[in-house]
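Undergrad: Dropping the structure in here first, questions after.
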Number of protein chains: 2
Amino acid sequence: MKTLSENVSFAGMQGVYSHQSTSCQCEMTFAVYLPPQAKKGPVPVLWYLSGLTCTHENAMTKAGAQAWAAEAGIAVVFPDTSPRGTDVADDAAIDLGQGASFYVDATQKPWAPHFNMWSYIADELPALIFEKFNLLQTAQGITGHSMGGHGALTLAMNRPEQYKSLSAFAPIANPTSAAWGQKQLTEYLGDDRAKWAKHDATLLIEKTGYPGHILIDQGADDQFANLLKPEKLAKAIEKSGQPGSFRMQPGYDHSYFFVASFMEDHIQHHAAILHRD
Amino acid sequence: MKTLSENVSFAGMQGVYSHQSTSCQCEMTFAVYLPPQAKKGPVPVLWYLSGLTCTHENAMTKAGAQAWAAEAGIAVVFPDTSPRGTDVADDAAIDLGQGASFYVDATQKPWAPHFNMWSYIADELPALIFEKFNLLQTAQGITGHSMGGHGALTLAMNRPEQYKSLSAFAPIANPTSAAWGQKQLTEYLGDDRAKWAKHDATLLIEKTGYPGHILIDQGADDQFANLLKPEKLAKAIEKSGQPGSFRMQPGYDHSYFFVASFMEDHIQHHAAILHRD
């Protein structure tokens with residue numbers, strides 16, 4: 001693991017690191033915020049998965065997470081959103097290829113063998129960070145924005161024993177029924193829709209749900225609402241009896257100004273669960 | 001005035017606007033954050049001046065100011081750091097020309113006639129924003145980072161009746177004695193050092209001071225300390241009896257991670273004064 005930068009932030013440390021990923025078969029960059037409490041003992045960790053076009057950097061610099069993470073005494077990990085590099089397949093569209101992994105393990109060429117972000121986020125990167133940083137492996141939560149909200153919801157519902165707390169900001173909520181989803185799931189996983197089901201938050205809520213309270217914020221003026229399908233997820237939560245708060249926030253759009261506005265609530269949601277368990 | 005973007009942020013509005021500047025003789029872009037309280041009546045306004053290479057955007061997206069401004073009920077204005085455009089003089093160095101005005105009215109070619117950022121910040125932009133937004137003209141404070149800290153300190157000490165509250169993050173503190181200053185003041189104002197004096201915070205503290213408590217934060221591990229000369233300003237404050245807190249913050253560098261870490265303190269410093277007067 002290489003250290004690319006470290007900056008003191010809210011009396012903790014915001015670091016950026018890179019390593020050779022076996023899952024993605026390329027050099028991967030990620031960021032870790034350690035709150036000041038990590039100097040004294042291991043702290044819980046919140047995974048923050050970013051959206052289309054983002055790297056590790058967007059949320060690290062724009063979401064204001066460090067202020068609240070320092071207050072709550074939890075670490076935050078900001079992974080990249082896909083494999084990278086000239087050897088890695090890509091596409092001219094912003095919603096496919098590099099920066100647009102949709103957090104799946106791709107089985108179709110040209111995306112296989114690099115696009116294994118599901119395994120990278122859920123297995124490889126945790127193993128690395130629990131080795132390198134002072135973190136509580138038994139106290140992991142997960143959140144994310146847009147495509148990252150989709151990643152957070154689907155990872156946590158498939159692995160509830162791993163992720164003790166769950167939230168999302170304006171997630172891609174029903175990708176098997178939307179243009180943000182059908183295209184990518186076909187490209188990455190092929191035509192067999194049975195293989196898509198574990199990557200659709202709305203279908204997962206209907207099928208298994210999540211054994212905890214889910215916090216979801218969605219801007220009521222989100223310019224991508226027709227691609228996100230928030231109404232499908234909200235309905236599934238209501239119908240299934242899934243414990244959760246689906247908050248439609250008046251006036252907010254899809255930007256990081258929206259994410260930052262509700263970051264305090266999300267950090268507190270996770271911290272309350274992760275410190276309790 | 002043209003509206004470039006508006007995003008709801010912490011229940012207020014983060015806008016970006018442009019207008020044709022008479023001072024700078026070019027199109028200028030600036031950002032205004034209006035807290036939710038501005039919907040009910042005029043609010044105080046804090047000017048935030050940015051540093052070398054920045055535009056209006058850096059602090060708007062990275063400093064976390066909106067959270068605290070919304071809480072405190074004050075607006076924040078983020079101007080650009082220089083005139084811009086293909087007709088405007090520039091230099092290959094990052095510390096001269098576009099993005100590096102040093103907040104003076106340039107008298108020397110090729111910087112005259114566009115580089116009039118002193119007049120732009122102190123006269124032209126206030127006239128525009130007080131016409132267009134619901135702000136209290138009698139309750140202005142000013143702060144800034146690095147070159148912007150220099151701008152804030154020098155503007156406020158020259159115009160204490162205009163700026164009722166003052167703070168700075170890692171300001172260029174003694175430009176007449178440093179490489180960040182001597183080069184630019186020569187380029188913009190010429191060789192006559194008498195004309196530099198009103199643009200040096202340390203000299204101004206020694207000469208006139210400021211009729212209020214100044215809050216200054218400086219990272220103890222700032223990589224540009226030899227260009228900023230914080231020790232000169234700290235000594236002048238101490239020696240002159242200027243009311244102020246010069247806080248040397250252990251471990252912090254010159255980045256926006258440093259600025260964001262102390263933004264709450266600065267907003268509260270300004271809000272307490274601006275709401276009282």
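We name chains A, B, ... following the order of the structure tokens; residues begin at 1 in each chain, and ligands are numbered from 1 as shown.
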Report as a Markdown table the residues of chain B within 10 Å of chain A, each with its shortest atom pair and distance in Å (one decimal), using only C-alpha atoms, ordered by chain and increasing residue number.

TA:
| residue | atom | partner | partner_atom | distance |
| --- | --- | --- | --- | --- |
| B:Glu6 | CA | A:Asp253 | CA | 9.8 |
| B:Asn7 | CA | A:Phe257 | CA | 6.7 |
| B:Val8 | CA | A:Tyr252 | CA | 5.3 |
| B:Ser9 | CA | A:Phe257 | CA | 5.1 |
| B:Phe10 | CA | A:Ser261 | CA | 4.7 |
| B:Ala11 | CA | A:Ser261 | CA | 7.8 |
| B:Gly12 | CA | A:Gly251 | CA | 9.7 |
| B:Met13 | CA | A:Phe257 | CA | 9.5 |
| B:Gln14 | CA | A:Phe257 | CA | 8.1 |
| B:Asn58 | CA | A:Lys62 | CA | 9.8 |
| B:Ala59 | CA | A:Lys62 | CA | 9.9 |
| B:Met60 | CA | A:Lys62 | CA | 9.2 |
| B:Thr61 | CA | A:Lys62 | CA | 5.6 |
| B:Lys62 | CA | A:Lys62 | CA | 5.2 |
| B:Ala63 | CA | A:Lys62 | CA | 8.2 |
| B:Gly64 | CA | A:Gly64 | CA | 5.9 |
| B:Ala65 | CA | A:Gly64 | CA | 9.5 |
| B:Gln66 | CA | A:Ser261 | CA | 8.5 |
| B:Ala67 | CA | A:Ser261 | CA | 7.1 |
| B:Gly219 | CA | A:Val8 | CA | 9.6 |
| B:Asp221 | CA | A:Val8 | CA | 9.6 |
| B:Gln249 | CA | A:Ala11 | CA | 9.6 |
| B:Pro250 | CA | A:Ala11 | CA | 9.0 |
| B:Gly251 | CA | A:Val8 | CA | 6.2 |
| B:Tyr252 | CA | A:Val8 | CA | 5.3 |
| B:Asp253 | CA | A:Asn7 | CA | 6.9 |
| B:His254 | CA | A:Asn7 | CA | 9.2 |
| B:Ser255 | CA | A:Asn7 | CA | 7.7 |
| B:Tyr256 | CA | A:Thr61 | CA | 8.3 |
| B:Phe257 | CA | A:Ser9 | CA | 5.1 |
| B:Phe258 | CA | A:Ser9 | CA | 6.0 |
| B:Val259 | CA | A:Ser9 | CA | 8.9 |
| B:Ala260 | CA | A:Ser9 | CA | 7.8 |
| B:Ser261 | CA | A:Phe10 | CA | 4.8 |
| B:Phe262 | CA | A:Phe10 | CA | 7.9 |
| B:Glu264 | CA | A:Ala67 | CA | 9.7 |

Undergrad: Please provide as a list in words all residues within 12 Å of Ala38 (chain B), with the sequence filter that same-chain residues fewer than 4 positions apart are discarded (counting only C-alpha atoms).

TA: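 Skipping anything fewer than 4 positions along the chain leaves Ala11, Gly12, Met13, Val32, Tyr33, Leu34, Pro42, Val43, Pro44, Val45, Ala69, Ala70, Glu71, Ala72, Gly73, Ile74, Ala75, Val76, Phe133, Asn134, Leu135 and Leu136 of chain B.
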
Undergrad: Please save N, CA and C atoms of the selected residues as a PDB file, in the first residue's frame.

TA:
ATOM      1  N   ALA B  11     -31.016  23.834   3.474  1.00  0.00           N
ATOM      2  CA  ALA B  11     -32.296  24.556   3.491  1.00  0.00           C
ATOM      3  C   ALA B  11     -32.186  26.000   3.012  1.00  0.00           C
ATOM      4  N   GLY B  12     -31.006  26.408   2.587  1.00  0.00           N
ATOM      5  CA  GLY B  12     -30.807  27.716   1.958  1.00  0.00           C
ATOM      6  C   GLY B  12     -30.500  27.518   0.482  1.00  0.00           C
ATOM      7  N   MET B  13     -29.911  28.548  -0.146  1.00  0.00           N
ATOM      8  CA  MET B  13     -29.656  28.470  -1.593  1.00  0.00           C
ATOM      9  C   MET B  13     -28.219  28.836  -1.916  1.00  0.00           C
ATOM     10  N   VAL B  32     -22.970  33.056  -4.129  1.00  0.00           N
ATOM     11  CA  VAL B  32     -23.602  33.570  -2.896  1.00  0.00           C
ATOM     12  C   VAL B  32     -24.348  32.425  -2.234  1.00  0.00           C
ATOM     13  N   TYR B  33     -24.069  32.212  -0.958  1.00  0.00           N
ATOM     14  CA  TYR B  33     -24.897  31.286  -0.176  1.00  0.00           C
ATOM     15  C   TYR B  33     -25.862  32.091   0.681  1.00  0.00           C
ATOM     16  N   LEU B  34     -27.146  31.858   0.475  1.00  0.00           N
ATOM     17  CA  LEU B  34     -28.181  32.493   1.299  1.00  0.00           C
ATOM     18  C   LEU B  34     -28.707  31.470   2.297  1.00  0.00           C
ATOM     19  N   PRO B  42     -33.642  40.388   5.843  1.00  0.00           N
ATOM     20  CA  PRO B  42     -32.235  40.548   5.462  1.00  0.00           C
ATOM     21  C   PRO B  42     -31.291  39.946   6.506  1.00  0.00           C
ATOM     22  N   VAL B  43     -30.204  39.367   6.031  1.00  0.00           N
ATOM     23  CA  VAL B  43     -29.230  38.710   6.919  1.00  0.00           C
ATOM     24  C   VAL B  43     -27.852  39.349   6.731  1.00  0.00           C
ATOM     25  N   PRO B  44     -26.985  39.228   7.747  1.00  0.00           N
ATOM     26  CA  PRO B  44     -25.596  39.689   7.600  1.00  0.00           C
ATOM     27  C   PRO B  44     -24.879  38.911   6.497  1.00  0.00           C
ATOM     28  N   VAL B  45     -23.758  39.447   6.055  1.00  0.00           N
ATOM     29  CA  VAL B  45     -23.023  38.799   4.961  1.00  0.00           C
ATOM     30  C   VAL B  45     -21.528  38.712   5.289  1.00  0.00           C
ATOM     31  N   ALA B  69     -23.111  28.488   8.185  1.00  0.00           N
ATOM     32  CA  ALA B  69     -23.797  29.730   7.812  1.00  0.00           C
ATOM     33  C   ALA B  69     -25.307  29.569   7.965  1.00  0.00           C
ATOM     34  N   ALA B  70     -25.811  28.373   7.629  1.00  0.00           N
ATOM     35  CA  ALA B  70     -27.243  28.100   7.796  1.00  0.00           C
ATOM     36  C   ALA B  70     -27.615  28.132   9.271  1.00  0.00           C
ATOM     37  N   GLU B  71     -26.749  27.564  10.086  1.00  0.00           N
ATOM     38  CA  GLU B  71     -27.003  27.539  11.521  1.00  0.00           C
ATOM     39  C   GLU B  71     -26.956  28.955  12.106  1.00  0.00           C
ATOM     40  N   ALA B  72     -26.007  29.750  11.637  1.00  0.00           N
ATOM     41  CA  ALA B  72     -25.790  31.095  12.198  1.00  0.00           C
ATOM     42  C   ALA B  72     -26.675  32.152  11.558  1.00  0.00           C
ATOM     43  N   GLY B  73     -27.293  31.827  10.427  1.00  0.00           N
ATOM     44  CA  GLY B  73     -28.148  32.815   9.763  1.00  0.00           C
ATOM     45  C   GLY B  73     -27.386  33.934   9.108  1.00  0.00           C
ATOM     46  N   ILE B  74     -26.261  33.615   8.476  1.00  0.00           N
ATOM     47  CA  ILE B  74     -25.541  34.639   7.709  1.00  0.00           C
ATOM     48  C   ILE B  74     -25.303  34.129   6.282  1.00  0.00           C
ATOM     49  N   ALA B  75     -25.245  35.079   5.353  1.00  0.00           N
ATOM     50  CA  ALA B  75     -24.920  34.753   3.961  1.00  0.00           C
ATOM     51  C   ALA B  75     -23.407  34.732   3.804  1.00  0.00           C
ATOM     52  N   VAL B  76     -22.933  34.008   2.790  1.00  0.00           N
ATOM     53  CA  VAL B  76     -21.503  34.010   2.470  1.00  0.00           C
ATOM     54  C   VAL B  76     -21.354  34.280   0.975  1.00  0.00           C
ATOM     55  N   PHE B 133     -29.797  40.781  -3.551  1.00  0.00           N
ATOM     56  CA  PHE B 133     -30.111  39.792  -2.517  1.00  0.00           C
ATOM     57  C   PHE B 133     -30.570  40.483  -1.239  1.00  0.00           C
ATOM     58  N   ASN B 134     -31.198  39.693  -0.394  1.00  0.00           N
ATOM     59  CA  ASN B 134     -31.785  40.198   0.840  1.00  0.00           C
ATOM     60  C   ASN B 134     -30.733  40.201   1.956  1.00  0.00           C
ATOM     61  N   LEU B 135     -29.827  41.188   1.901  1.00  0.00           N
ATOM     62  CA  LEU B 135     -28.666  41.217   2.803  1.00  0.00           C
ATOM     63  C   LEU B 135     -28.601  42.539   3.551  1.00  0.00           C
ATOM     64  N   LEU B 136     -28.020  42.487   4.743  1.00  0.00           N
ATOM     65  CA  LEU B 136     -27.863  43.683   5.573  1.00  0.00           C
ATOM     66  C   LEU B 136     -26.561  44.397   5.211  1.00  0.00           C
TER      67      LEU B 136
END

Undergrad: B:Gly209, B:Pro110, B:Pro175, B:Gly181: which is nearest Asn158 (chain B), counting only C-alpha atoms?

TA: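 Closest residue, counting only C-alpha atoms: B:Gly209.
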
Undergrad: As a list in words, please: the residues near Pro160 (chain A) (cut-off 10 Å, only C-alpha atoms, same-chain neighbours under 5 positions excluded).

TA: Gly141, Thr154, Leu155, Ser165, Leu166, Gly209, Tyr210, Pro211 and Gly212 of chain A

Undergrad: Quick one: residues within 9 Å of Gly149 (chain B), only C-alpha atoms, excluding same-chain residues fewer than 2 positions away - as a list in words?

TA: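 Once the nearby chain positions are removed, what remains is Tyr48, Leu49, Ser50, Gly51, Ile142, Thr143, Gly144, His145, Ser146, Met147, Gly151, Ala152, Leu153, Thr154, Ser167, Ala168, Phe169, Ala170, Pro171, Ile172, Ala173 and Ile216 of chain B.
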
Undergrad: How about saving the chosen residues, N, CA, C and O atoms kept, as a PDB file, in the first residue's frame?

TA:
ATOM      1  N   TYR B  48     -15.901  35.836   1.710  1.00  0.00           N
ATOM      2  CA  TYR B  48     -14.828  34.836   1.784  1.00  0.00           C
ATOM      3  C   TYR B  48     -13.944  34.984   0.542  1.00  0.00           C
ATOM      4  O   TYR B  48     -14.383  34.690  -0.576  1.00  0.00           O
ATOM      5  N   LEU B  49     -12.714  35.433   0.746  1.00  0.00           N
ATOM      6  CA  LEU B  49     -11.771  35.621  -0.367  1.00  0.00           C
ATOM      7  C   LEU B  49     -10.843  34.408  -0.462  1.00  0.00           C
ATOM      8  O   LEU B  49     -10.222  34.008   0.530  1.00  0.00           O
ATOM      9  N   SER B  50     -10.724  33.866  -1.660  1.00  0.00           N
ATOM     10  CA  SER B  50      -9.951  32.635  -1.852  1.00  0.00           C
ATOM     11  C   SER B  50      -8.499  32.924  -2.213  1.00  0.00           C
ATOM     12  O   SER B  50      -8.117  34.066  -2.482  1.00  0.00           O
ATOM     13  N   GLY B  51      -7.723  31.852  -2.238  1.00  0.00           N
ATOM     14  CA  GLY B  51      -6.286  31.960  -2.442  1.00  0.00           C
ATOM     15  C   GLY B  51      -5.853  31.716  -3.881  1.00  0.00           C
ATOM     16  O   GLY B  51      -6.671  31.544  -4.784  1.00  0.00           O
ATOM     17  N   ILE B 142     -15.547  39.933   6.886  1.00  0.00           N
ATOM     18  CA  ILE B 142     -14.685  39.450   5.798  1.00  0.00           C
ATOM     19  C   ILE B 142     -13.652  38.465   6.331  1.00  0.00           C
ATOM     20  O   ILE B 142     -13.113  38.633   7.437  1.00  0.00           O
ATOM     21  N   THR B 143     -13.428  37.411   5.545  1.00  0.00           N
ATOM     22  CA  THR B 143     -12.415  36.413   5.874  1.00  0.00           C
ATOM     23  C   THR B 143     -11.806  35.916   4.569  1.00  0.00           C
ATOM     24  O   THR B 143     -12.219  36.331   3.480  1.00  0.00           O
ATOM     25  N   GLY B 144     -10.835  35.036   4.665  1.00  0.00           N
ATOM     26  CA  GLY B 144     -10.239  34.477   3.466  1.00  0.00           C
ATOM     27  C   GLY B 144      -9.090  33.569   3.813  1.00  0.00           C
ATOM     28  O   GLY B 144      -8.660  33.504   4.971  1.00  0.00           O
ATOM     29  N   HIS B 145      -8.604  32.877   2.791  1.00  0.00           N
ATOM     30  CA  HIS B 145      -7.563  31.864   2.973  1.00  0.00           C
ATOM     31  C   HIS B 145      -6.342  32.232   2.143  1.00  0.00           C
ATOM     32  O   HIS B 145      -6.472  32.531   0.955  1.00  0.00           O
ATOM     33  N   SER B 146      -5.171  32.232   2.776  1.00  0.00           N
ATOM     34  CA  SER B 146      -3.912  32.427   2.060  1.00  0.00           C
ATOM     35  C   SER B 146      -3.895  33.814   1.401  1.00  0.00           C
ATOM     36  O   SER B 146      -4.004  34.818   2.095  1.00  0.00           O
ATOM     37  N   MET B 147      -3.793  33.899   0.063  1.00  0.00           N
ATOM     38  CA  MET B 147      -3.884  35.218  -0.584  1.00  0.00           C
ATOM     39  C   MET B 147      -5.195  35.900  -0.226  1.00  0.00           C
ATOM     40  O   MET B 147      -5.260  37.125  -0.110  1.00  0.00           O
ATOM     41  N   GLY B 151      -6.093  39.460   1.508  1.00  0.00           N
ATOM     42  CA  GLY B 151      -7.104  40.394   1.023  1.00  0.00           C
ATOM     43  C   GLY B 151      -8.050  40.822   2.129  1.00  0.00           C
ATOM     44  O   GLY B 151      -8.358  42.005   2.285  1.00  0.00           O
ATOM     45  N   ALA B 152      -8.499  39.861   2.923  1.00  0.00           N
ATOM     46  CA  ALA B 152      -9.449  40.161   4.000  1.00  0.00           C
ATOM     47  C   ALA B 152      -8.829  41.114   5.034  1.00  0.00           C
ATOM     48  O   ALA B 152      -9.440  42.109   5.427  1.00  0.00           O
ATOM     49  N   LEU B 153      -7.628  40.797   5.471  1.00  0.00           N
ATOM     50  CA  LEU B 153      -6.973  41.610   6.497  1.00  0.00           C
ATOM     51  C   LEU B 153      -6.712  43.033   5.990  1.00  0.00           C
ATOM     52  O   LEU B 153      -6.940  44.018   6.709  1.00  0.00           O
ATOM     53  N   THR B 154      -6.232  43.156   4.767  1.00  0.00           N
ATOM     54  CA  THR B 154      -5.867  44.489   4.269  1.00  0.00           C
ATOM     55  C   THR B 154      -7.110  45.315   3.933  1.00  0.00           C
ATOM     56  O   THR B 154      -7.158  46.518   4.221  1.00  0.00           O
ATOM     57  N   SER B 167     -11.574  37.923  10.071  1.00  0.00           N
ATOM     58  CA  SER B 167     -10.793  36.745  10.432  1.00  0.00           C
ATOM     59  C   SER B 167      -9.988  36.315   9.215  1.00  0.00           C
ATOM     60  O   SER B 167     -10.159  36.847   8.114  1.00  0.00           O
ATOM     61  N   ALA B 168      -9.083  35.357   9.410  1.00  0.00           N
ATOM     62  CA  ALA B 168      -8.297  34.862   8.270  1.00  0.00           C
ATOM     63  C   ALA B 168      -7.788  33.457   8.553  1.00  0.00           C
ATOM     64  O   ALA B 168      -7.519  33.097   9.705  1.00  0.00           O
ATOM     65  N   PHE B 169      -7.653  32.681   7.477  1.00  0.00           N
ATOM     66  CA  PHE B 169      -7.070  31.336   7.521  1.00  0.00           C
ATOM     67  C   PHE B 169      -5.704  31.403   6.823  1.00  0.00           C
ATOM     68  O   PHE B 169      -5.636  31.692   5.619  1.00  0.00           O
ATOM     69  N   ALA B 170      -4.650  31.133   7.556  1.00  0.00           N
ATOM     70  CA  ALA B 170      -3.305  31.044   6.974  1.00  0.00           C
ATOM     71  C   ALA B 170      -3.037  32.152   5.962  1.00  0.00           C
ATOM     72  O   ALA B 170      -2.710  31.891   4.791  1.00  0.00           O
ATOM     73  N   PRO B 171      -3.164  33.421   6.383  1.00  0.00           N
ATOM     74  CA  PRO B 171      -3.025  34.519   5.424  1.00  0.00           C
ATOM     75  C   PRO B 171      -1.574  34.744   4.980  1.00  0.00           C
ATOM     76  O   PRO B 171      -0.645  34.458   5.723  1.00  0.00           O
ATOM     77  N   ILE B 172      -1.409  35.276   3.778  1.00  0.00           N
ATOM     78  CA  ILE B 172      -0.125  35.882   3.380  1.00  0.00           C
ATOM     79  C   ILE B 172      -0.010  37.131   4.240  1.00  0.00           C
ATOM     80  O   ILE B 172      -0.769  38.087   4.077  1.00  0.00           O
ATOM     81  N   ALA B 173       0.906  37.094   5.189  1.00  0.00           N
ATOM     82  CA  ALA B 173       0.816  37.990   6.337  1.00  0.00           C
ATOM     83  C   ALA B 173       1.747  39.198   6.260  1.00  0.00           C
ATOM     84  O   ALA B 173       1.508  40.201   6.926  1.00  0.00           O
ATOM     85  N   ILE B 216      -7.443  34.574  13.782  1.00  0.00           N
ATOM     86  CA  ILE B 216      -6.571  34.014  12.741  1.00  0.00           C
ATOM     87  C   ILE B 216      -6.182  32.592  13.112  1.00  0.00           C
ATOM     88  O   ILE B 216      -5.709  32.343  14.228  1.00  0.00           O
TER      89      ILE B 216
END
